Amino acid sequence: MENITNHKTIIEIKNLHKAFGTNKVLDGFNLVLNEGENLVVMGKSGSGKSVMIKCLIGLEAPDSGSILVMNKEINTLEREVIDELRTEIGFLFQGSALYDSMSVRENLEFPLRRHTKKFGKIKNTTPLVLEALESVGLVSAIDLMPNELSGGMKRRIALARTLILKPKIILYDEPTTGLDPITSKEIILLMKSIQKKYNTSSIIITHDVDCAKAIANRMILLIDGINYIEGTFEKLSSSTDPKVQAFFK
Amino acid sequence: MNKYFTNIIEVIKSFLKEVGEIAYFAGRFFKEFLFSPYEFKEFLRQCYYMGNRSLFLVGVTGFIIGLVFTLQSRPTLQEFGAVSWMASMVSVSIIREIGPIITALICAGRIGSGIGAELGSMKVTEQIDAMEVSGTNPFKYLVITRILATTLMLPLLVIFGDVLAIYGSYLVENIKDNVSFQLYFNQVFNILEYSDIIPATIKTFFFGFAIGLIGCYKGYNCKKGTAGVGKAANAAVVYTSMLLFIIDFIAVFVTNIFYKM
């Protein structure tokens with residue numbers, strides 16, 4: 001994997017704290033994402049990976065700490081500014097989160113019609129919808145409803161919905177969880193091809209070692225609420241620290 | 001004994017907390033509804049969905065209530081030789097009370113539970129979060145449109161139900177006593193006053209608001225899991241039904257004060 005640590009910083013999290021009652025989930029977490037980089041964040045279930053990514057997009061409010069996204073402090077922004085910033089950030093949910101009362105076409109059109117500032121008023125959305133569906137290889141599913149799609153197809157359509165806004169950053173929350181090994185590989189290949197085509201920077205939350213190995217430029221292990229160790233896949237997988245080794249056995 | 005009191009205090013605390021949260025949710029509705037962007041298309045879709053799809057149920061129920069109410073009242077009125085008062089009695093009862101409350105209860109079951117289940121399901125499958133990260137305010141798109149739609153559609157449904165109930169009553173009178181359409185409806189319009197119609201119509205806006213508010217509140221704050229969706233739908237109906245009777249009582253109380261003035 002190419003080393004891109006010298007590229008421009010696009011996301012920076014400093015000393016992030018978040019607790020639910022007495023349960024401290026994040027306890028001084030730090031992260032830097034560089035432009036064009038694929039950063040994998042690994043951790044046990046319940047270690048706070050999803051909470052961290054939700055704080056990053058403004059779905060959860062952190063207790064303290066700083067989150068800079070494209071040089072904007074997300075915690076201090078007005079709702080309208082956050083909404084605009086969110087057009088630059090795609091989010092792929094673990095369960096795909098397709099709107100089940102809308103067809104695939106309507107799912108893709110939904111964000112498009114709301115961001116007239118970025119795209120202007122689009123009368124014919126079909127070319128953009130088709131382009132996004134083509135990127136994930138599912139043009140034929142355009143008029144299907146989400147309940148007619150398999151798990152892998154749902155994940156691809158969710159990715160197409162994310163791509164339609166042409167984001168600079170994509171956040172993947174467990175992109176291969178719940179999929180069979182073959183479909184998982186297809187999704188990983190798709191993620192790589194999307195990064196090449198759209199030149200996106202990505203944070204990938206996962207505990208799938210194969211996924212991490214295939215896609216990571218750099219990795220962070222989230223243990224005890226902090227970035228316990230970070231580096232390339234090779235560096236982390238050859239670590240002698242038992243806490244780190246537990247992920248790669 | 002001590003444990004018993006602690007439990008009672010806990011129940012009261014959680015009830016007051018829930019009332020506070022509903023009030024906050026209603027406050028957020030008024031705050032956000034005043035400012036753009038406005039989701040007109042979704043609002044119209046919800047009006048169509050709630051109004052058109054409830055029309056048949058409300059119509060059939062209203063018609064049957066009119067029939068049954070007249071059939072049940074007949075023997076008593078006959079005993080006092082007051083059958084000619086049937087049209088007046090039925091129309092006042094239906095317009096003032098039976099029509100609004102029965103239609104509202106039907107809509108609480110049909111629309112309120114539907115909203116609770118739909119939003120609850122969207123919440124647990126992260127669709128509401130997905131809407132938020134795509135730069136759409138889900139509160140405006142999902143909640144405000146639904147509350148406004150129920151507030152505006154319920155009065156129309158009540159009027160529709162009332163008309164069919166009175167028509168049902170007329171049919172019974174026509175079959176039993178050969179009362180003409182003109183005679184029956186003349187009696188209806190002679191007895192009805194603005195003071196019957198206006199307060200009854202005003203309270204249906206509040207009924208509609210309550211149905212939308214509680215359905216949305218329960219769905220939007222649904223706890224994780226499919227069991228939570230069922231609970232949200234169920235609680236939406238139970239809470240709304242209780243609230244409807246409270247609003248009805250307040251409406252009657254306030255109307256009586258104005259009458260006396």
# chains A, B, ... in the order shown; residues from 1 in each chain; ligands from 1
call {"tool": "interface_residues", "arguments": {"of": "chain A", "to": "chain B", "cutoff": "10 Å", "atoms": "only C-alpha atoms", "output": "VMD selection string"}}
result
chain A and resid 54 57 to 59 79 to 101 110 to 112 114 to 115 158 161 to 162 165
call {"tool": "write_last_selection", "arguments": {"atoms": "C-alpha atoms", "output": "compact mmCIF listing (two decimals), in the first residue's frame"}}
result
# COMPACT_ATOMS: atom_id res chain seq x y z
CA LYS A 54 -20.94 9.12 14.75
CA ILE A 57 -20.35 13.22 11.47
CA GLY A 58 -22.27 15.03 14.21
CA LEU A 59 -24.77 12.28 15.01
CA ARG A 79 -26.97 23.08 11.56
CA GLU A 80 -27.01 24.52 8.01
CA VAL A 81 -23.21 24.52 7.80
CA ILE A 82 -23.05 20.94 9.08
CA ASP A 83 -25.64 19.89 6.47
CA GLU A 84 -23.50 21.46 3.75
CA LEU A 85 -20.35 19.82 5.11
CA ARG A 86 -22.15 16.48 5.17
CA THR A 87 -22.46 16.59 1.38
CA GLU A 88 -18.67 16.17 1.35
CA ILE A 89 -18.84 13.16 3.69
CA GLY A 90 -20.46 9.88 2.71
CA PHE A 91 -21.52 7.42 5.40
CA LEU A 92 -22.11 3.74 4.73
CA PHE A 93 -24.19 2.30 7.56
CA GLN A 94 -23.67 -1.20 8.90
CA GLY A 95 -27.24 -2.22 8.02
CA SER A 96 -27.23 -0.19 4.75
CA ALA A 97 -30.12 2.01 6.07
CA LEU A 98 -31.93 2.24 2.72
CA TYR A 99 -35.28 4.05 2.95
CA ASP A 100 -37.58 1.06 2.70
CA SER A 101 -40.63 3.00 1.51
CA PHE A 110 -33.39 11.77 -2.17
CA PRO A 111 -30.04 13.40 -1.20
CA LEU A 112 -29.60 14.82 -4.69
CA ARG A 114 -31.94 18.42 -1.30
CA HIS A 115 -28.55 19.80 -2.18
CA ALA A 158 -26.20 2.22 -0.03
CA ARG A 161 -26.46 6.57 -2.55
CA THR A 162 -23.33 7.77 -0.75
CA LEU A 165 -23.22 13.40 -3.71
call {"tool": "residues_around", "arguments": {"residues": "B:Leu164", "least_positions_apart": "2", "cutoff": "9 Å", "atoms": "only C-alpha atoms", "output": "tab-separated table (two decimals) with C-alpha atoms, in the first residue's frame"}}
result
chain	number	residue	atom	x	y	z
B	59	GLY	CA	-67.14	6.52	6.39
B	60	VAL	CA	-68.29	2.96	7.14
B	61	THR	CA	-67.92	3.45	10.91
B	62	GLY	CA	-69.80	6.77	10.81
B	63	PHE	CA	-72.61	5.29	8.70
B	64	ILE	CA	-73.03	2.28	11.02
B	66	GLY	CA	-75.76	6.60	12.63
B	159	ILE	CA	-66.98	16.12	8.79
B	160	PHE	CA	-67.13	13.21	6.36
B	161	GLY	CA	-67.93	10.75	9.17
B	162	ASP	CA	-70.61	13.08	10.62
B	166	ILE	CA	-76.57	11.51	9.88
B	167	TYR	CA	-77.34	9.94	6.51
B	168	GLY	CA	-77.40	6.50	8.18
B	169	SER	CA	-79.84	7.83	10.74
call {"tool": "closest_residue", "arguments": {"among": "B:Phe245, B:Phe30, B:Tyr170, B:Phe258", "to": "B:Leu67", "atoms": "only C-alpha atoms"}}
result
B:Tyr170
call {"tool": "residues_around", "arguments": {"residues": "A:Ala214", "least_positions_apart": "2", "cutoff": "10 Å", "atoms": "only C-alpha atoms", "output": "PDB file with N, CA and C atoms, in the first residue's frame"}}
result
ATOM      1  N   MET A   1       0.820  -1.208   0.000  1.00  0.00           N
ATOM      2  CA  MET A   1       0.000   0.000   0.000  1.00  0.00           C
ATOM      3  C   MET A   1       0.860   1.267   0.000  1.00  0.00           C
ATOM      4  N   LYS A 185     -15.590  -9.976  -0.321  1.00  0.00           N
ATOM      5  CA  LYS A 185     -14.469  -9.657  -1.220  1.00  0.00           C
ATOM      6  C   LYS A 185     -14.925  -8.689  -2.304  1.00  0.00           C
ATOM      7  N   ILE A 188     -15.118  -5.266  -0.863  1.00  0.00           N
ATOM      8  CA  ILE A 188     -13.763  -4.701  -0.652  1.00  0.00           C
ATOM      9  C   ILE A 188     -13.196  -4.192  -1.989  1.00  0.00           C
ATOM     10  N   LEU A 189     -13.355  -5.013  -3.048  1.00  0.00           N
ATOM     11  CA  LEU A 189     -12.858  -4.599  -4.376  1.00  0.00           C
ATOM     12  C   LEU A 189     -13.570  -3.322  -4.832  1.00  0.00           C
ATOM     13  N   LYS A 192     -12.214  -0.320  -3.114  1.00  0.00           N
ATOM     14  CA  LYS A 192     -10.922   0.089  -3.682  1.00  0.00           C
ATOM     15  C   LYS A 192     -11.107   0.799  -5.019  1.00  0.00           C
ATOM     16  N   VAL A 209     -10.291  -8.837   9.572  1.00  0.00           N
ATOM     17  CA  VAL A 209      -8.851  -8.693   9.314  1.00  0.00           C
ATOM     18  C   VAL A 209      -8.569  -8.714   7.815  1.00  0.00           C
ATOM     19  N   ASP A 210      -9.287  -9.568   7.070  1.00  0.00           N
ATOM     20  CA  ASP A 210      -9.066  -9.656   5.617  1.00  0.00           C
ATOM     21  C   ASP A 210      -9.380  -8.320   4.956  1.00  0.00           C
ATOM     22  N   CYS A 211     -10.465  -7.702   5.402  1.00  0.00           N
ATOM     23  CA  CYS A 211     -10.866  -6.402   4.858  1.00  0.00           C
ATOM     24  C   CYS A 211      -9.775  -5.371   5.160  1.00  0.00           C
ATOM     25  N   ALA A 212      -9.291  -5.389   6.418  1.00  0.00           N
ATOM     26  CA  ALA A 212      -8.254  -4.431   6.826  1.00  0.00           C
ATOM     27  C   ALA A 212      -6.992  -4.623   5.996  1.00  0.00           C
ATOM     28  N   ALA A 216      -6.266  -1.254   3.927  1.00  0.00           N
ATOM     29  CA  ALA A 216      -5.675  -0.214   4.799  1.00  0.00           C
ATOM     30  C   ALA A 216      -4.349   0.337   4.286  1.00  0.00           C
ATOM     31  N   ASN A 217      -4.240   1.671   4.237  1.00  0.00           N
ATOM     32  CA  ASN A 217      -2.938   2.311   4.109  1.00  0.00           C
ATOM     33  C   ASN A 217      -2.309   2.386   5.497  1.00  0.00           C
ATOM     34  N   PHE A 233      -0.578  -2.325   8.287  1.00  0.00           N
ATOM     35  CA  PHE A 233      -1.097  -3.655   8.636  1.00  0.00           C
ATOM     36  C   PHE A 233       0.061  -4.567   9.037  1.00  0.00           C
TER      37      PHE A 233
END
call {"tool": "residues_around", "arguments": {"residues": "A:Leu130", "least_positions_apart": "5", "cutoff": "9 Å", "atoms": "only C-alpha atoms", "output": "list in words"}}
result
Arg105, Thr125, Ser135, Leu138, Val139 and Ile142 of chain A
call {"tool": "residues_around", "arguments": {"residues": "B:Thr103", "least_positions_apart": "6", "cutoff": "12 Å", "atoms": "only C-alpha atoms", "output": "JSON, numbers by chain"}}
result
{"B": [51, 54, 55, 56, 57, 58, 59, 60, 61, 62, 63, 65, 94, 95, 97, 109, 110, 111, 153, 154, 155, 156, 157, 158, 159, 160, 161, 162, 164, 165, 204, 207, 208, 211, 241, 244]}
call {"tool": "atom_distance", "arguments": {"atom1": "atom CA of B:Phe80", "atom2": "atom CA of B:Glu193"}}
result
25.2 Å
call {"tool": "closest_residue", "arguments": {"among": "A:Ser103, A:Ser193, A:Asn124, A:Asn71", "to": "A:Gly137", "atoms": "only C-alpha atoms"}}
result
A:Ser193
call {"tool": "residues_around", "arguments": {"residues": "B:Glu18", "least_positions_apart": "6", "cutoff": "12 Å", "atoms": "only C-alpha atoms", "output": "list in words"}}
result
Val11, Ile12, Tyr24, Phe25, Ile214, Tyr217, Lys218, Asn221, Ala235 and Tyr239 of chain B
call {"tool": "select_by_dssp", "arguments": {"residues": "stretch 183-231 of chain A", "states": "helix (DSSP H, G or I)", "output": "VMD selection string"}}
result
chain A and resid 183 to 198 209 to 215
